[in-house]
>>> print(open('work34.csv').read())   # CSV, N, CA and C atoms
chain,number,residue,atom,x,y,z
A,1,MET,N,53.3,137.5,128.6
A,1,MET,CA,54.3,136.8,127.9
A,1,MET,C,53.8,136.5,126.5
A,2,VAL,N,54.6,136.6,125.5
A,2,VAL,CA,54.3,136.4,124.1
A,2,VAL,C,54.4,134.9,123.8
A,3,GLU,N,53.3,134.3,123.2
A,3,GLU,CA,53.4,132.9,122.8
A,3,GLU,C,54.1,132.8,121.5
A,4,ARG,N,55.1,131.9,121.4
A,4,ARG,CA,55.9,131.8,120.2
A,4,ARG,C,55.6,130.5,119.5
A,5,GLU,N,54.6,129.7,119.9
A,5,GLU,CA,54.2,128.5,119.2
A,5,GLU,C,53.7,128.8,117.9
A,6,ARG,N,54.3,128.4,116.8
A,6,ARG,CA,53.9,128.7,115.5
A,6,ARG,C,53.3,127.5,114.8
A,7,ARG,N,53.3,126.3,115.4
A,7,ARG,CA,52.8,125.1,114.7
A,7,ARG,C,51.3,125.1,114.8
A,8,ARG,N,50.6,125.8,115.7
A,8,ARG,CA,49.2,125.8,115.8
A,8,ARG,C,48.6,126.5,114.6
A,9,GLN,N,47.5,126.0,114.1
A,9,GLN,CA,46.8,126.8,113.1
A,9,GLN,C,45.3,126.6,113.2
A,10,ASP,N,44.6,127.3,112.5
A,10,ASP,CA,43.1,127.2,112.5
A,10,ASP,C,42.7,125.8,112.1
A,11,PRO,N,41.9,125.1,112.9
A,11,PRO,CA,41.4,123.7,112.6
A,11,PRO,C,40.8,123.6,111.2
A,12,LYS,N,40.0,124.6,110.8
A,12,LYS,CA,39.4,124.6,109.5
A,12,LYS,C,40.4,124.6,108.4
A,13,ALA,N,41.5,125.4,108.5
A,13,ALA,CA,42.5,125.5,107.5
A,13,ALA,C,43.3,124.2,107.5
A,14,HIS,N,43.5,123.6,108.7
A,14,HIS,CA,44.2,122.3,108.7
A,14,HIS,C,43.4,121.2,108.0
A,15,ALA,N,42.1,121.2,108.2
A,15,ALA,CA,41.2,120.2,107.6
A,15,ALA,C,41.2,120.4,106.1
A,16,ALA,N,41.2,121.7,105.6
A,16,ALA,CA,41.3,121.9,104.2
A,16,ALA,C,42.6,121.5,103.6
A,17,THR,N,43.7,121.6,104.3
A,17,THR,CA,45.0,121.2,103.8
A,17,THR,C,45.0,119.7,103.7
A,18,LEU,N,44.5,119.0,104.7
A,18,LEU,CA,44.4,117.5,104.6
A,18,LEU,C,43.6,117.0,103.5
A,19,ARG,N,42.5,117.7,103.1
A,19,ARG,CA,41.7,117.2,102.1
A,19,ARG,C,42.2,117.6,100.7
A,20,ALA,N,43.2,118.5,100.6
A,20,ALA,CA,43.7,118.9,99.3
A,20,ALA,C,44.3,117.7,98.5
A,21,GLY,N,43.9,117.5,97.3
A,21,GLY,CA,44.5,116.5,96.5
A,21,GLY,C,43.7,115.1,96.6
A,22,LEU,N,42.7,115.0,97.4
A,22,LEU,CA,42.0,113.8,97.5
A,22,LEU,C,41.0,113.7,96.3
A,23,THR,N,40.7,112.5,95.9
A,23,THR,CA,39.8,112.3,94.8
A,23,THR,C,38.3,112.6,95.3
A,24,LEU,N,37.4,112.8,94.4
A,24,LEU,CA,36.0,113.0,94.7
A,24,LEU,C,35.4,111.8,95.5
A,25,PRO,N,35.7,110.5,95.0
A,25,PRO,CA,35.2,109.4,95.8
A,25,PRO,C,35.8,109.3,97.2
A,26,GLN,N,37.0,109.7,97.4
A,26,GLN,CA,37.6,109.7,98.7
A,26,GLN,C,36.9,110.8,99.6
A,27,LEU,N,36.7,111.9,99.0
A,27,LEU,CA,36.0,113.0,99.8
A,27,LEU,C,34.6,112.6,100.2
A,28,GLU,N,33.9,111.9,99.3
A,28,GLU,CA,32.5,111.4,99.6
A,28,GLU,C,32.6,110.4,100.8
A,29,ALA,N,33.5,109.4,100.7
A,29,ALA,CA,33.7,108.4,101.7
A,29,ALA,C,34.1,109.1,103.0
A,30,LEU,N,34.9,110.1,103.0
A,30,LEU,CA,35.4,110.8,104.1
A,30,LEU,C,34.2,111.5,104.8
A,31,ARG,N,33.3,112.2,104.1
A,31,ARG,CA,32.1,112.8,104.6
A,31,ARG,C,31.2,111.8,105.3
A,32,THR,N,31.1,110.6,104.7
A,32,THR,CA,30.2,109.6,105.3
A,32,THR,C,30.8,109.1,106.6
A,33,LEU,N,32.1,108.8,106.6
A,33,LEU,CA,32.7,108.3,107.8
A,33,LEU,C,32.7,109.4,108.9
A,34,GLU,N,32.9,110.6,108.6
A,34,GLU,CA,32.9,111.7,109.6
A,34,GLU,C,31.5,111.8,110.2
A,35,HIS,N,30.4,111.5,109.4
A,35,HIS,CA,29.1,111.4,110.0
A,35,HIS,C,29.0,110.5,111.1
A,36,PHE,N,29.8,109.4,111.1
A,36,PHE,CA,29.8,108.4,112.1
A,36,PHE,C,30.9,108.6,113.1
A,37,GLU,N,31.4,109.9,113.1
A,37,GLU,CA,32.4,110.4,114.1
A,37,GLU,C,33.8,109.8,113.9
A,38,TRP,N,34.1,109.2,112.7
A,38,TRP,CA,35.5,108.9,112.4
A,38,TRP,C,36.3,110.2,112.1
A,39,THR,N,37.6,110.2,112.4
A,39,THR,CA,38.4,111.4,112.3
A,39,THR,C,39.5,111.2,111.3
A,40,LEU,N,39.6,112.2,110.4
A,40,LEU,CA,40.8,112.2,109.5
A,40,LEU,C,41.9,112.8,110.3
A,41,ARG,N,42.9,112.0,110.6
A,41,ARG,CA,44.1,112.5,111.4
A,41,ARG,C,45.2,112.9,110.5
A,42,PHE,N,45.5,112.2,109.5
A,42,PHE,CA,46.6,112.6,108.6
A,42,PHE,C,46.4,111.9,107.2
A,43,VAL,N,47.2,112.4,106.3
A,43,VAL,CA,47.2,111.9,104.9
A,43,VAL,C,48.6,111.6,104.5
A,44,ARG,N,48.9,110.3,104.2
A,44,ARG,CA,50.2,109.9,103.7
A,44,ARG,C,50.3,110.4,102.2
A,45,ARG,N,51.4,111.0,101.9
A,45,ARG,CA,51.6,111.5,100.5
A,45,ARG,C,52.8,110.9,99.9
A,46,PRO,N,52.8,109.6,99.5
A,46,PRO,CA,54.0,108.9,99.0
A,46,PRO,C,54.4,109.6,97.7
A,47,LEU,N,55.6,109.7,97.4
A,47,LEU,CA,56.2,110.3,96.2
A,47,LEU,C,55.7,109.6,95.0
A,48,PHE,N,55.1,110.4,94.1
A,48,PHE,CA,54.6,109.9,92.8
A,48,PHE,C,53.4,109.0,92.9
A,49,LEU,N,52.7,109.0,94.0
A,49,LEU,CA,51.5,108.1,94.2
A,49,LEU,C,50.4,109.0,94.7
A,50,GLU,N,49.2,108.4,94.7
A,50,GLU,CA,48.0,109.1,95.2
A,50,GLU,C,48.1,109.3,96.7
A,51,PRO,N,47.5,110.4,97.2
A,51,PRO,CA,47.4,110.6,98.7
A,51,PRO,C,46.6,109.4,99.3
A,52,VAL,N,47.0,109.1,100.6
A,52,VAL,CA,46.3,108.0,101.3
A,52,VAL,C,45.8,108.6,102.6
A,53,PRO,N,44.5,108.9,102.7
A,53,PRO,CA,43.9,109.4,103.9
A,53,PRO,C,43.7,108.3,104.9
A,54,ILE,N,44.1,108.6,106.2
A,54,ILE,CA,43.9,107.6,107.3
A,54,ILE,C,42.9,108.2,108.3
A,55,LEU,N,41.9,107.4,108.5
A,55,LEU,CA,40.9,107.8,109.5
A,55,LEU,C,40.9,106.9,110.7
A,56,PHE,N,40.5,107.5,111.9
A,56,PHE,CA,40.5,106.7,113.1
A,56,PHE,C,39.1,106.6,113.6
A,57,ALA,N,38.8,105.5,114.3
A,57,ALA,CA,37.5,105.3,114.9
A,57,ALA,C,37.3,106.3,116.0
A,58,PRO,N,36.1,106.5,116.5
A,58,PRO,CA,35.8,107.5,117.5
A,58,PRO,C,36.6,107.2,118.8
A,59,ASP,N,36.8,105.9,119.1
A,59,ASP,CA,37.5,105.5,120.3
A,59,ASP,C,39.0,105.3,120.1
A,60,GLY,N,39.4,105.5,118.9
A,60,GLY,CA,40.9,105.4,118.5
A,60,GLY,C,41.4,104.0,118.5
A,61,SER,N,40.6,103.0,118.6
A,61,SER,CA,41.0,101.7,118.6
A,61,SER,C,41.5,101.1,117.3
A,62,ARG,N,41.0,101.6,116.2
A,62,ARG,CA,41.3,101.1,114.9
A,62,ARG,C,41.4,102.2,113.9
A,63,PHE,N,41.9,101.9,112.7
A,63,PHE,CA,42.0,102.9,111.6
A,63,PHE,C,41.7,102.2,110.3
A,64,VAL,N,41.3,103.1,109.4
A,64,VAL,CA,41.1,102.6,108.0
A,64,VAL,C,41.7,103.6,107.0
A,65,VAL,N,41.9,103.0,105.8
A,65,VAL,CA,42.5,103.8,104.7
A,65,VAL,C,41.4,104.0,103.7
A,66,VAL,N,41.2,105.1,103.1
A,66,VAL,CA,40.2,105.3,102.0
A,66,VAL,C,41.0,105.3,100.7
A,67,GLU,N,40.7,104.3,99.9
A,67,GLU,CA,41.5,104.2,98.6
A,67,GLU,C,41.0,105.2,97.7
A,68,ALA,N,41.7,105.4,96.5
A,68,ALA,CA,41.4,106.4,95.5
A,68,ALA,C,40.0,106.3,95.0
A,69,ASP,N,39.5,105.1,94.9
A,69,ASP,CA,38.2,104.9,94.4
A,69,ASP,C,37.1,105.0,95.4
A,70,GLY,N,37.4,105.4,96.6
A,70,GLY,CA,36.5,105.6,97.7
A,70,GLY,C,36.2,104.4,98.6
A,71,THR,N,36.8,103.2,98.3
A,71,THR,CA,36.6,102.0,99.1
A,71,THR,C,37.4,102.1,100.4
A,72,ILE,N,36.9,101.4,101.4
A,72,ILE,CA,37.5,101.4,102.7
A,72,ILE,C,38.4,100.2,102.8
A,73,ASN,N,39.6,100.4,103.2
A,73,ASN,CA,40.6,99.3,103.4
A,73,ASN,C,40.9,99.2,104.9
A,74,GLU,N,40.4,98.2,105.5
A,74,GLU,CA,40.6,98.0,107.0
A,74,GLU,C,42.0,97.3,107.2
A,75,ASN,N,42.6,96.7,106.2
A,75,ASN,CA,43.9,96.1,106.4
A,75,ASN,C,44.9,96.6,105.3
A,76,PRO,N,45.4,97.8,105.5
A,76,PRO,CA,46.2,98.4,104.5
A,76,PRO,C,47.6,97.9,104.3
A,77,GLY,N,48.1,97.0,105.2
A,77,GLY,CA,49.4,96.5,105.1
A,77,GLY,C,50.5,97.3,105.7
A,78,PHE,N,50.1,98.2,106.6
A,78,PHE,CA,51.1,98.9,107.3
A,78,PHE,C,50.6,99.3,108.7
A,79,GLU,N,51.4,99.5,109.7
A,79,GLU,CA,51.1,99.9,111.0
A,79,GLU,C,51.1,101.4,111.2
A,80,VAL,N,50.3,101.9,112.1
A,80,VAL,CA,50.2,103.3,112.4
A,80,VAL,C,50.4,103.5,113.9
A,81,ARG,N,51.4,104.3,114.2
A,81,ARG,CA,51.6,104.6,115.7
A,81,ARG,C,50.4,105.5,116.2
A,82,SER,N,49.9,105.2,117.3
A,82,SER,CA,48.8,106.0,117.9
A,82,SER,C,49.3,106.9,119.0
>>> encode(input="work34.csv", output="structure tokens")
Amino acid sequence: MVERERRRQDPKAHAATLRAGLTLPQLEALRTLEHFEWTLRFVRRPLFLEPVPILFAPDGSRFVVVEADGTINENPGFEVRS
């Protein structure tokens, strides 16, 4: 049987797509957090604003936002469905 699922893609390509457009301080903070097994799950891309990367803790219990200057925001002012 031929598999017709087209939404799957190479995880490395997906990771590169998520990182596209992030600032250098964001990328550095992202690398540091990934060292502690935090996971970049998605990036919000509001119209005319900087991308907002959202990372989740290893157990999935909480999330943080990495601001454009590389700082970590634990209370970004919005909820994320898990």
>>> closest_residue(input="work34.csv", among="A:Leu55, A:Ala20, A:Glu50, A:Glu74", to="Trp38 of chain A", atoms="all atoms listed in the file")
A:Leu55
>>> atom_distance(input="work34.csv", atom1="atom CA of Gln26 of chain A", atom2="atom CA of Phe78 of chain A")
19.3 Å
>>> atom_distance(input="work34.csv", atom1="atom CA of Leu49 of chain A", atom2="atom CA of Phe36 of chain A")
28.1 Å
>>> select_by_dssp(input="work34.csv", residues="chain A", states="alpha helix (DSSP H)", output="PDB file with N, CA and C atoms, in the frame of the given file")
ATOM      1  N   PRO A  11      41.900 125.100 112.900  1.00  0.00           N
ATOM      2  CA  PRO A  11      41.400 123.700 112.600  1.00  0.00           C
ATOM      3  C   PRO A  11      40.800 123.600 111.200  1.00  0.00           C
ATOM      4  N   LYS A  12      40.000 124.600 110.800  1.00  0.00           N
ATOM      5  CA  LYS A  12      39.400 124.600 109.500  1.00  0.00           C
ATOM      6  C   LYS A  12      40.400 124.600 108.400  1.00  0.00           C
ATOM      7  N   ALA A  13      41.500 125.400 108.500  1.00  0.00           N
ATOM      8  CA  ALA A  13      42.500 125.500 107.500  1.00  0.00           C
ATOM      9  C   ALA A  13      43.300 124.200 107.500  1.00  0.00           C
ATOM     10  N   HIS A  14      43.500 123.600 108.700  1.00  0.00           N
ATOM     11  CA  HIS A  14      44.200 122.300 108.700  1.00  0.00           C
ATOM     12  C   HIS A  14      43.400 121.200 108.000  1.00  0.00           C
ATOM     13  N   ALA A  15      42.100 121.200 108.200  1.00  0.00           N
ATOM     14  CA  ALA A  15      41.200 120.200 107.600  1.00  0.00           C
ATOM     15  C   ALA A  15      41.200 120.400 106.100  1.00  0.00           C
ATOM     16  N   ALA A  16      41.200 121.700 105.600  1.00  0.00           N
ATOM     17  CA  ALA A  16      41.300 121.900 104.200  1.00  0.00           C
ATOM     18  C   ALA A  16      42.600 121.500 103.600  1.00  0.00           C
ATOM     19  N   THR A  17      43.700 121.600 104.300  1.00  0.00           N
ATOM     20  CA  THR A  17      45.000 121.200 103.800  1.00  0.00           C
ATOM     21  C   THR A  17      45.000 119.700 103.700  1.00  0.00           C
ATOM     22  N   LEU A  18      44.500 119.000 104.700  1.00  0.00           N
ATOM     23  CA  LEU A  18      44.400 117.500 104.600  1.00  0.00           C
ATOM     24  C   LEU A  18      43.600 117.000 103.500  1.00  0.00           C
ATOM     25  N   ARG A  19      42.500 117.700 103.100  1.00  0.00           N
ATOM     26  CA  ARG A  19      41.700 117.200 102.100  1.00  0.00           C
ATOM     27  C   ARG A  19      42.200 117.600 100.700  1.00  0.00           C
ATOM     28  N   LEU A  24      37.400 112.800  94.400  1.00  0.00           N
ATOM     29  CA  LEU A  24      36.000 113.000  94.700  1.00  0.00           C
ATOM     30  C   LEU A  24      35.400 111.800  95.500  1.00  0.00           C
ATOM     31  N   PRO A  25      35.700 110.500  95.000  1.00  0.00           N
ATOM     32  CA  PRO A  25      35.200 109.400  95.800  1.00  0.00           C
ATOM     33  C   PRO A  25      35.800 109.300  97.200  1.00  0.00           C
ATOM     34  N   GLN A  26      37.000 109.700  97.400  1.00  0.00           N
ATOM     35  CA  GLN A  26      37.600 109.700  98.700  1.00  0.00           C
ATOM     36  C   GLN A  26      36.900 110.800  99.600  1.00  0.00           C
ATOM     37  N   LEU A  27      36.700 111.900  99.000  1.00  0.00           N
ATOM     38  CA  LEU A  27      36.000 113.000  99.800  1.00  0.00           C
ATOM     39  C   LEU A  27      34.600 112.600 100.200  1.00  0.00           C
ATOM     40  N   GLU A  28      33.900 111.900  99.300  1.00  0.00           N
ATOM     41  CA  GLU A  28      32.500 111.400  99.600  1.00  0.00           C
ATOM     42  C   GLU A  28      32.600 110.400 100.800  1.00  0.00           C
ATOM     43  N   ALA A  29      33.500 109.400 100.700  1.00  0.00           N
ATOM     44  CA  ALA A  29      33.700 108.400 101.700  1.00  0.00           C
ATOM     45  C   ALA A  29      34.100 109.100 103.000  1.00  0.00           C
ATOM     46  N   LEU A  30      34.900 110.100 103.000  1.00  0.00           N
ATOM     47  CA  LEU A  30      35.400 110.800 104.100  1.00  0.00           C
ATOM     48  C   LEU A  30      34.200 111.500 104.800  1.00  0.00           C
ATOM     49  N   ARG A  31      33.300 112.200 104.100  1.00  0.00           N
ATOM     50  CA  ARG A  31      32.100 112.800 104.600  1.00  0.00           C
ATOM     51  C   ARG A  31      31.200 111.800 105.300  1.00  0.00           C
ATOM     52  N   THR A  32      31.100 110.600 104.700  1.00  0.00           N
ATOM     53  CA  THR A  32      30.200 109.600 105.300  1.00  0.00           C
ATOM     54  C   THR A  32      30.800 109.100 106.600  1.00  0.00           C
ATOM     55  N   LEU A  33      32.100 108.800 106.600  1.00  0.00           N
ATOM     56  CA  LEU A  33      32.700 108.300 107.800  1.00  0.00           C
ATOM     57  C   LEU A  33      32.700 109.400 108.900  1.00  0.00           C
ATOM     58  N   GLU A  34      32.900 110.600 108.600  1.00  0.00           N
ATOM     59  CA  GLU A  34      32.900 111.700 109.600  1.00  0.00           C
ATOM     60  C   GLU A  34      31.500 111.800 110.200  1.00  0.00           C
ATOM     61  N   HIS A  35      30.400 111.500 109.400  1.00  0.00           N
ATOM     62  CA  HIS A  35      29.100 111.400 110.000  1.00  0.00           C
ATOM     63  C   HIS A  35      29.000 110.500 111.100  1.00  0.00           C
TER      64      HIS A  35
END
>>> atom_distance(input="work34.csv", atom1="atom CA of Glu37 of chain A", atom2="atom CA of Arg62 of chain A")
12.9 Å
>>> select_by_dssp(input="work34.csv", residues="segment 16-71 of chain A", states="strand (DSSP E)", output="PyMOL selection string")
chain A and resi 39-44+52-56+63-66
>>> residues_around(input="work34.csv", residues="Pro51 of chain A", least_positions_apart="5", cutoff="10 Å", atoms="only C-alpha atoms", output="ChimeraX atom specification")
/A:18-23,26,43-46,66-68
>>> residues_near_point(input="work34.csv", point="(34.4, 106.7, 102.3)", cutoff="6 Å", atoms="all atoms listed in the file", output="list in words")
Pro25, Gln26, Glu28, Ala29, Leu30, Arg31, Thr32, Leu33, Val66, Gly70, Thr71 and Ile72 of chain A
>>> closest_residue(input="work34.csv", among="A:Arg4, A:Arg41, A:Asp69, A:His14", to="Arg81 of chain A", atoms="only C-alpha atoms")
A:Arg41
